[in-house]
Structures are given as C-alpha cells and as structure tokens.
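Trainee: Here's a structure for you.
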Amino acid sequence: MHQSPPGLDGLSAWKPQNDQMGGALQIIRIYGIPIKIHWTFGLIFIWLGVTVYSRQGNVHWENLLWSALALITLFICVILHELGHALTARRFGVKTSNILLLPIGGLAILERLPERPRHELWVAVAGPAVNFGLALLFSPFLLLSDSERLHRQWMFVKQPGGNVFTYDIAAWEWFVFSLVVLNLAVAIFNLVPAYPMDGGRALRALLSMRYPRIKATLWATRTGQAFGGVFLLSGLYSGNWALVIIGMFIYLGAGAEKRSALNLDLLSKHQVKELVRPVFTRLYLNDPVDLVTASLHHGLERHFLVFDEWQTLQGSIDGQSLTPAKGRPPVRAIGHLVVDRDLFPLLVSDPLSLALEKFQTLPTGILPVYERDYLVGVLDESALKRFLDSQKRGPRKRQ
Ligand SMILES: [Zn+2]
C-alpha cells in the first residue's frame with residue numbers, strides 16, 4: 001500500500017450511544033478501548049488478490065509475503081497512532097468509545113473534546129508523534145542494507161504505480177524500508193492542516209487559544225474543506241482513487257463539523273430562558289410502570305425528570321423505554337429505567353449553545369433548568385432542534 005492512511009480521528013459530534021458506523025467487528029480491547037474493524041477493510045485483501053492474479057506468472061512470492069506482513073504491521077502502527085490519541089485524551093479525562101479501522105486509516109472516536117485548547121493540541125499531535133517514533137525505531141535496520149540497494153528502494157517508492165510484487169528487491173529490506181517510509185508518510189500527511197485530520201485539529205486548538213472556539217472551528221473546517229476539495233480534484237486528475245476517497249472524507253467531515261459550529265454560533269446568541277418549559281410532569285422512582293404508561297398516552301411529553309420521595313432529582317427517562325421490549329423481563333417500578341443519573345443543571349441565563357453541547361454528549365433528551373437554585377422548568381432536546389430549524393429557515397422566509 002503506497003497511499004498513506006490518514007488517522008481521521010475523534011469525530012465526536014455524535015452522542016456516544018449512537019453507533020457511528022454499522023458493520024464493524026470488534027477484534028480486541030486495549031486499555032479497555034474496543035478496537036473495531038470495518039467490513040470495508042476486507043477490500044484491501046481483495047485488492048491484494050486481484051493484483052496478484054493480474055500479474056500471474058510474474059509474482060515474486062517472497063515479496064508478496066513480506067508485503068502482506070508490512071501491510072499488517074502498518075495497521076498495527078495505525079492502531080498505535082490511534083492509541084496515542086486515546087491514551088493522551090485519557091490523561092486529560094476524556095474517554096474513547098472505540099477505535100475503528102477503515103481501509104484508508106484509523107479513527108479514534110472520543111466521547112467529547114478536551115476542554116482546554118492546550119489539551120486538544122496534545123491529543124491531536126500525539127498520533128503523528130507515535131509514527132515519528134516508530135520510524136525512528138525501524139530506521140537503524142536500514143544500516144544493514146547497502147546504499148545502492150537503498151537507492152533502488154527509494155526510486156521504487158518514488159515511481160508512481162509501482163508494484164512491489166513484481167519488483168526484484170530483497171524482501172526483508174523492503175519490509176523495513178516501507179515501514180520507515182510509511183510511518184513518516186502517515187505522520188506528515190496527518191499533520192496537513194485539513195480538519196478533521198490531526199493537523200486541522202491542532203490548527204483549531206492553536207486558533208482557539210486566541211479566539212473563541214466556535215470561530216476557530218469555523219476557520220479550521222473551512223481550511224479542511226478547501227484541502228479536501230484539492231485532494232479530491234488532484235486524485236481525480238491523477239487517477240489516485242485513495243486520494244479521491246480521502247478528499248471526500250475530509251470535505252464531508254469538515255462540512256459536518258462546520259454546520260455544527262454554525263449551529264453553536266447561532267445558539268450562543270440565545271438564552272435557555274427562551275425555550276424553558278415551566279409545566280412538566282414529575283415522575284418518581286417508585287411509580288409503577290403501567291400506571292405511568294397509561295397516563296402518558298394523554299400527554300405530549302416524551303422525556304421526563306425522575307425524582308426520589310424527597311424531591312431530589314435522580315435522572316431522566318425516555319417515555320418510549322417504558323413500553324415493554326421483547327425478551328426483556330417486565331419492570332414494576334420505573335426506577336430501573338432511569339438514564340443519566342447526573343443531569344447537567346442548566347441556568348436560565350445559560351446560552352442555548354451550552355444546552356446543545358450537553359445534549360450531544362449526555363444520553364438524555366431533557367435537562368433541568370434552574371434559577372437561583374430553584375428548579376423552574378425543563379428544556380427538551382426536541383424543542384431545541386425545532387428552534388434551530390426555525391432560526392435557519394427564518395431568514396429565508398423573510399426574503
Ligand atoms: Zn491521528
């Protein structure tokens with residue numbers, strides 16, 4: 001594989017409970033982090049098979065074996081790169097839901113962003129730093145090879161469309177050489193300031209040391225979209241399909257994050273008190289499930305706050321979870337179905353952008369709203385989404 005796989009990391013815009021991508025199989029857990037492999041990963045082996053088949057009779061089997069070994073080792077390097085991000089994030093108190101392996105690279109899915117820009121910067125550069133370290137680790141073995149052969153290998157790497165399976169070079173040397181070159185390529189390519197790649201995240205972190213994070217995100221994602229577009233077009237022009245896919249991934253990833261930043265920007269100009277719902281149903285831990293479901297049919301509320309008998313807030317519940325699911329033993333009291341036991345307390349004066357951030361990271365659809373220590377109402381995620389839609393449609397209507 002000659003294309004450098006980028007570590008497109010930490011697309012943390014979604015709630016942890018939403019599975020980010022279907023069709024992924026867990027292969028191992030490292031430091032408690034599930035490492036998953038996406039089904040499209042199998043395409044690499046199909047590509048390997050097709051390449052070998054089309055060169056039949058001309059294949060150097062030993063080289064093929066070493067190349068397959070290099071490919072596997074490279075993906076171990078990609079996992080180490082992602083673990084670099086994940087373990088650095090863990091130092092700053094941010095968990096990683098999983099690490100996903102795709103044919104174009106890895107993806108460390110963080111549960112949220114580190115709060116401080118300095119921490120985000122460390123998390124972003126930790127991945128490429130691992131690859132620089134690995135390249136350094138492998139490079140002494142190059143000394144075992146003579147300079148003329150190293151030159152031939154370098155010429156081979158530079159030659160576009162070259163095929164290692166039909167090339168007559170010493171196999172173990174190729175193995176070491178390709179690992180040094182590919183690790184350097186992965187590190188350097190990831191440092192291109194194209195959000196959501198590591199370099200783009202580092203750029204956003206650097207910008208948000210001076211400017212508000214939302215503005216920093218907007219600039220970084222626009223740069224990312226520009227780079228994505230350039231990669232896409234140059235990939236199409238040169239017939240490099242990996243570059244096309246990577247360009248598309250960057251363009252779409254940056255676009256999604258840009259929309260999310262625009263939403264936050266819009267909501268930061270409004271306060272929670274504009275959307276607070278003062279009348280809401282209180283549920284209690286000991287409420288019988290059937291009684292609650294019967295009364296729910298009459299109302300429009302979907303998410304509820306749950307209290308104990310001393311009126312202390314215990315968490316929230318999704319009305320839909322009360323309908324008995326197949327294969328689940330019936331529950332008598334709703335206490336067992338409560339989610340998110342430490343609900344984030346919103347204040348009436350908080351910006352709505354804070355509420356959106358909380359809804360994106362917490363597994364709840366409702367948050368309590370306080371004014372001077374008193375619970376004055378609730379904020380629904382659905383109300384926030386409707387508000388966002390109406391605000392976005394608003395300017396168009398007035399035209
Ligand atoms: Zn990375």
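Ordering of the structure tokens sets the chain letters (A, B, ...), residue numbers begin anew at 1 in every chain, and ligands are numbered from 1 in the order given.
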Within 12 Å of ligand 1 (counting only C-alpha atoms and all ligand atoms), which residues show up? I'd like them as a PyMOL selection string.

Mentor: chain A and resi 5-11+77-86+88+99-101+105-110+121-131+186-202

Trainee: Restrict the selected residues to C-alpha atoms and save them as a compact mmCIF listing (two decimals), in the first residue's frame.

Mentor:
```txt
# COMPACT_ATOMS: atom_id res chain seq x y z
CA PRO A 5 -3.61 6.25 5.52
CA PRO A 6 -4.70 9.30 7.47
CA GLY A 7 -5.84 8.99 11.02
CA LEU A 8 -9.14 10.76 10.72
CA ASP A 9 -9.89 10.98 14.34
CA GLY A 10 -12.33 11.85 17.01
CA LEU A 11 -15.49 12.73 15.13
CA CYS A 77 1.21 1.16 13.52
CA VAL A 78 -2.14 2.81 12.73
CA ILE A 79 -3.65 1.27 15.89
CA LEU A 80 -0.65 2.57 17.87
CA HIS A 81 -1.23 6.01 16.30
CA GLU A 82 -4.87 5.97 17.44
CA LEU A 83 -3.85 4.70 20.88
CA GLY A 84 -1.52 7.72 21.01
CA HIS A 85 -4.59 9.96 20.72
CA ALA A 86 -6.76 7.83 23.02
CA THR A 88 -3.30 11.18 25.73
CA ILE A 99 -11.04 2.79 17.69
CA LEU A 100 -12.29 1.97 14.20
CA LEU A 101 -10.07 0.62 11.43
CA GLY A 105 -6.84 4.61 8.07
CA GLY A 106 -7.93 4.64 11.67
CA LEU A 107 -10.46 6.61 13.64
CA ALA A 108 -10.28 7.18 17.40
CA ILE A 109 -13.80 8.12 18.46
CA LEU A 110 -13.53 10.31 21.54
CA LEU A 121 -3.38 20.23 20.82
CA TRP A 122 -1.57 17.46 22.74
CA VAL A 123 -4.23 14.89 21.83
CA ALA A 124 -4.00 15.88 18.14
CA VAL A 125 -0.21 15.71 17.84
CA ALA A 126 0.16 12.54 19.95
CA GLY A 127 -0.87 10.32 17.00
CA PRO A 128 1.69 11.61 14.45
CA ALA A 129 4.31 11.65 17.25
CA VAL A 130 3.83 7.86 17.63
CA ASN A 131 4.57 7.37 13.89
CA VAL A 186 1.42 8.80 7.91
CA ALA A 187 2.90 11.29 10.39
CA ILE A 188 3.47 14.04 7.82
CA PHE A 189 0.20 13.50 5.95
CA ASN A 190 -1.79 13.66 9.20
CA LEU A 191 -0.16 16.95 10.08
CA VAL A 192 -1.59 18.66 6.97
CA PRO A 193 -3.87 21.32 8.50
CA ALA A 194 -7.01 19.82 6.92
CA TYR A 195 -9.71 19.41 9.56
CA PRO A 196 -10.76 16.71 10.64
CA MET A 197 -7.22 15.37 10.26
CA ASP A 198 -4.79 15.79 13.16
CA GLY A 199 -3.12 18.87 11.67
CA GLY A 200 -6.53 20.54 11.31
CA ARG A 201 -7.39 19.73 14.92
CA ALA A 202 -4.04 21.15 16.02
```

Trainee: Using only C-alpha atoms, determine which residues lie at most 9 Å from Val376 of chain A, disregarding the query and same-chain residues fewer than 4 positions distant; provide the list as an NGL selection string.

Mentor: :A and (276-279 or 348 or 368-371)

Trainee: So which residues touch Thr293 of chain A within 12 Å, counting only C-alpha atoms, skipping near sequence neighbours fewer than 6 positions away, as a list of chain:residue names?

Mentor: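 Surrounding residues, per the criterion: A:Leu283, A:Asp287, A:Gly299, A:Glu301, A:Arg302, A:Asp318, A:Gly319, A:Gln320, A:Ser321, A:Leu322, A:Thr323, A:Pro324, A:Arg332, A:Ala333, A:Ile334.
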
Trainee: Output as a PyMOL selection string all residues of segment 32-164 of chain A that backbone DSSP marks as strand (DSSP E or B).

Mentor: chain A and resi 33-38+96-102+105-110

Trainee: Within 10 Å of segment 209-226 of chain A, counting only C-alpha atoms, which residues show up once you throw out same-chain ones fewer than 4 positions away? Write them as a VMD selection string, please.

Mentor: chain A and resid 116 to 118 192 to 197 199 to 205 230 to 232 247 to 265 268

Trainee: Could you please determine the separation between atom CA of Ile27 of chain A and atom CA of Arg90 of chain A in Å, to one decimal place?

Mentor: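 Separation between atom CA of Ile27 of chain A and atom CA of Arg90 of chain A: 21.2 Å.
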
Trainee: Pick out the residues sitting within 7 Å of segment 381-396 of chain A, and hand them over as a PyMOL selection string; count only C-alpha atoms, and ignore anything fewer than 6 positions along from it in its own chain.

Mentor: chain A and resi 359+365-366

Trainee: Put those residues in a file: C-alpha atoms, as a PDB file, in the first residue's frame.

Mentor:
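selection_38.pdb written:
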```pdb
ATOM      1  CA  PHE A 359     -27.470  17.045  24.566  1.00  0.00           C
ATOM      2  CA  GLY A 365     -33.425  14.177  25.849  1.00  0.00           C
ATOM      3  CA  ILE A 366     -34.325  16.550  28.705  1.00  0.00           C
TER       4      ILE A 366
END
```

Trainee: What's around Ser139 of chain A at 8 Å? Count only C-alpha atoms, leave out sequence neighbours fewer than 2 positions away in its own chain, and write the answer as a PyMOL selection string.

Mentor: chain A and resi 135-137+141-143+176-177+180

Trainee: Those residues you just picked out, can you put them in a file as an mmCIF file, in the first residue's frame with C-alpha atoms?

Mentor:
```
data_model
loop_
_atom_site.group_PDB
_atom_site.id
_atom_site.type_symbol
_atom_site.label_atom_id
_atom_site.label_comp_id
_atom_site.auth_asym_id
_atom_site.auth_seq_id
_atom_site.Cartn_x
_atom_site.Cartn_y
_atom_site.Cartn_z
ATOM 1 C CA ALA A 135 10.037 5.438 12.007
ATOM 2 C CA LEU A 136 12.972 6.228 14.291
ATOM 3 C CA LEU A 137 12.693 2.756 15.827
ATOM 4 C CA PHE A 141 17.825 -1.613 10.480
ATOM 5 C CA LEU A 142 18.317 0.334 7.243
ATOM 6 C CA LEU A 143 22.044 0.474 8.090
ATOM 7 C CA VAL A 176 11.911 -2.343 6.955
ATOM 8 C CA PHE A 177 12.206 0.370 4.315
ATOM 9 C CA VAL A 180 10.076 3.659 7.849
#
```

Trainee: So which residues touch Thr312 of chain A within 12 Å, counting only C-alpha atoms, skipping near sequence neighbours fewer than 4 positions away, as a ChimeraX atom specification?

Mentor: /A:282-285,305-308,341-343,368,374-375

Trainee: Give the alpha helix (DSSP H) residues of segment 185-229 of chain A, as assigned by DSSP on the backbone, as a ChimeraX atom specification.

Mentor: /A:185-190,198-207,213-229

Trainee: Suppose we keep N, CA and C atoms; can you now write the selection as a short mmCIF file (atom, residue, chain, number, x, y, z; two decimals), in the first residue's frame?

Mentor:
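Output saved as result_6.cif:
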```cif
data_model
loop_
_atom_site.label_atom_id
_atom_site.label_comp_id
_atom_site.auth_asym_id
_atom_site.auth_seq_id
_atom_site.Cartn_x
_atom_site.Cartn_y
_atom_site.Cartn_z
N ALA A 185 5.33 8.95 6.28
CA ALA A 185 4.25 9.48 5.43
C ALA A 185 2.97 9.68 6.24
N VAL A 186 2.64 8.69 7.08
CA VAL A 186 1.42 8.80 7.91
C VAL A 186 1.53 10.01 8.82
N ALA A 187 2.71 10.17 9.46
CA ALA A 187 2.90 11.29 10.39
C ALA A 187 2.77 12.62 9.66
N ILE A 188 3.47 12.75 8.53
CA ILE A 188 3.47 14.04 7.82
C ILE A 188 2.10 14.32 7.21
N PHE A 189 1.51 13.30 6.59
CA PHE A 189 0.20 13.50 5.95
C PHE A 189 -0.86 13.92 6.97
N ASN A 190 -0.81 13.32 8.17
CA ASN A 190 -1.79 13.66 9.20
C ASN A 190 -1.61 15.07 9.74
N ASP A 198 -5.47 15.32 11.95
CA ASP A 198 -4.79 15.79 13.16
C ASP A 198 -4.27 17.22 13.04
N GLY A 199 -3.67 17.52 11.88
CA GLY A 199 -3.12 18.87 11.67
C GLY A 199 -4.21 19.93 11.77
N GLY A 200 -5.40 19.62 11.24
CA GLY A 200 -6.53 20.54 11.31
C GLY A 200 -7.02 20.73 12.73
N ARG A 201 -6.99 19.63 13.51
CA ARG A 201 -7.39 19.73 14.92
C ARG A 201 -6.37 20.55 15.70
N ALA A 202 -5.09 20.36 15.37
CA ALA A 202 -4.04 21.15 16.02
C ALA A 202 -4.23 22.63 15.67
N LEU A 203 -4.57 22.90 14.40
CA LEU A 203 -4.80 24.28 13.96
C LEU A 203 -5.96 24.89 14.74
N ARG A 204 -7.07 24.13 14.88
CA ARG A 204 -8.22 24.63 15.63
C ARG A 204 -7.83 24.93 17.08
N ALA A 205 -7.03 24.01 17.67
CA ALA A 205 -6.61 24.21 19.07
C ALA A 205 -5.76 25.47 19.19
N LEU A 206 -4.83 25.66 18.24
CA LEU A 206 -3.96 26.84 18.27
C LEU A 206 -4.79 28.12 18.12
N LEU A 207 -5.75 28.09 17.17
CA LEU A 207 -6.59 29.27 16.95
C LEU A 207 -7.45 29.57 18.18
N ARG A 213 -13.74 29.41 20.56
CA ARG A 213 -13.61 28.09 19.94
C ARG A 213 -14.48 27.93 18.69
N ILE A 214 -15.69 28.53 18.73
CA ILE A 214 -16.59 28.39 17.59
C ILE A 214 -15.98 29.02 16.34
N LYS A 215 -15.41 30.23 16.51
CA LYS A 215 -14.75 30.90 15.37
C LYS A 215 -13.57 30.06 14.88
N ALA A 216 -12.77 29.54 15.84
CA ALA A 216 -11.61 28.72 15.49
C ALA A 216 -12.05 27.50 14.69
N THR A 217 -13.16 26.88 15.13
CA THR A 217 -13.67 25.70 14.41
C THR A 217 -14.10 26.08 13.01
N LEU A 218 -14.77 27.22 12.87
CA LEU A 218 -15.21 27.65 11.54
C LEU A 218 -14.03 27.83 10.59
N TRP A 219 -12.97 28.50 11.07
CA TRP A 219 -11.80 28.70 10.20
C TRP A 219 -11.14 27.37 9.86
N ALA A 220 -10.97 26.52 10.89
CA ALA A 220 -10.28 25.23 10.66
C ALA A 220 -11.08 24.35 9.70
N THR A 221 -12.42 24.36 9.82
CA THR A 221 -13.22 23.49 8.95
C THR A 221 -13.26 24.04 7.52
N ARG A 222 -13.24 25.38 7.38
CA ARG A 222 -13.19 25.92 6.02
C ARG A 222 -11.87 25.55 5.34
N THR A 223 -10.76 25.64 6.09
CA THR A 223 -9.47 25.20 5.56
C THR A 223 -9.54 23.73 5.19
N GLY A 224 -10.18 22.93 6.07
CA GLY A 224 -10.32 21.49 5.82
C GLY A 224 -11.08 21.23 4.53
N GLN A 225 -12.19 21.96 4.33
CA GLN A 225 -12.97 21.77 3.10
C GLN A 225 -12.15 22.12 1.86
N ALA A 226 -11.35 23.20 1.96
CA ALA A 226 -10.51 23.60 0.83
C ALA A 226 -9.50 22.49 0.50
N PHE A 227 -8.83 21.97 1.55
CA PHE A 227 -7.86 20.89 1.33
C PHE A 227 -8.56 19.65 0.76
N GLY A 228 -9.73 19.33 1.34
CA GLY A 228 -10.49 18.16 0.87
C GLY A 228 -10.80 18.28 -0.61
N GLY A 229 -11.23 19.48 -1.02
CA GLY A 229 -11.53 19.73 -2.43
C GLY A 229 -10.31 19.56 -3.32
#
```

Trainee: From the options A:Trp47, A:Phe175, A:Trp154, A:Phe280, which residue's atoms come nearest to Gly377 of chain A, counting only C-alpha atoms?

Mentor: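 Smallest distance to Gly377 of chain A is found for A:Phe280.
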
Trainee: Distance atom CA of Ser316 of chain A-atom CA of Thr364 of chain A, one decimal place?

Mentor: 6.7 Å
